[in-house]
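A short write-up of the structure that comes next.
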Amino acid sequence: MATVELRFSAQPEHVRTARLVAAAVARRAGVDEAVLDEVRLAVGEACSRAVGLHRSHGITAPVSVALTEEEKAFSIEVGDSVPGPGADPAESGAGSARPDSEADGEGEDEMGLAVISGLVDDVEVRSGAGGGVIRMSWPTAAAVVSP
């Protein structure tokens, strides 16, 4: 199982780099060419969401992206450092917990998750005291021929 890990400061201009790296690693892992645009878009949405959460909560920790090539699947995990609902912000070092459903920005957050869910069949969203993770995966070709 090969893994590529990225960490970048929560700046919108870095999202493009994450998309490009994700597409290149997905191609090498054997993800079908017809699906690469979906990979780029989903990673862009997940990274933009993480950047937005970091910036709105004043978190300076980097956004993390793990791209993992498995035997029959390629997965991407985009992580943020914003504590989930009910988490104690003092324990994580963050200024405040994630916004509740009535807070500003919730509509954008939900829209981003809806876009990701529409692009990716296998998606999982987790949130805890240490932050949130969006895990997405795509099938790969059984045999990949590399030049």
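Chain identifiers are assigned as A, B, and so on, following the order in which chains appear in the structure tokens; residues are numbered from 1 within each chain, and ligands are numbered from 1 in order of appearance.
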- Message: At a cut-off of 7 Å, using only C-alpha atoms, what residues contact segment 110-126 of chain A? Leave out same-chain residues fewer than 4 positions from it and give the result as number ranges by chain.
- Response: A: 38, 42, 45, 49, 106, 132-137
With C-alpha atoms retained, write the just-selected residues as an mmCIF file, in the first residue's frame.
```cif
data_model
loop_
_atom_site.group_PDB
_atom_site.id
_atom_site.type_symbol
_atom_site.label_atom_id
_atom_site.label_comp_id
_atom_site.auth_asym_id
_atom_site.auth_seq_id
_atom_site.Cartn_x
_atom_site.Cartn_y
_atom_site.Cartn_z
ATOM 1 C CA GLU A 38 -14.396 13.696 -10.571
ATOM 2 C CA ALA A 42 -14.017 16.126 -5.159
ATOM 3 C CA GLU A 45 -14.270 20.654 -2.718
ATOM 4 C CA ARG A 49 -14.001 23.077 2.831
ATOM 5 C CA GLU A 106 -23.240 25.984 7.471
ATOM 6 C CA GLY A 132 -12.665 16.140 10.782
ATOM 7 C CA VAL A 133 -11.834 13.830 7.900
ATOM 8 C CA ILE A 134 -13.486 13.299 4.550
ATOM 9 C CA ARG A 135 -12.513 9.895 3.118
ATOM 10 C CA MET A 136 -13.242 9.205 -0.546
ATOM 11 C CA SER A 137 -12.331 6.163 -2.623
#
```
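One distance worth recording is that between atom CA of Asp80 of chain A and atom CA of Arg28 of chain A, which is 25.8 Å.
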- Skip Gly52 of chain A itself and residues of its chain fewer than 6 positions away, then list as a PyMOL selection string all residues within 9 Å of it, counting only C-alpha atoms. chain A and resi 10-12+105+109
- Find the distance between atom CA of Leu53 of chain A and atom CA of Phe74 of chain A and write it in Å to one decimal. 25.5 Å
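For segment 57-64 of chain A, the list of residues within 7 Å, based on only C-alpha atoms and with local chain neighbours fewer than 2 positions off taken out, reads Leu6, Arg7, Phe8, Ser9, Ala10, Ala50, Val51, Leu53, His54, Arg55, Ala66, Val78, Gly79, Asp80, Ser81, Ala94, Gly95 and Ser96 of chain A.
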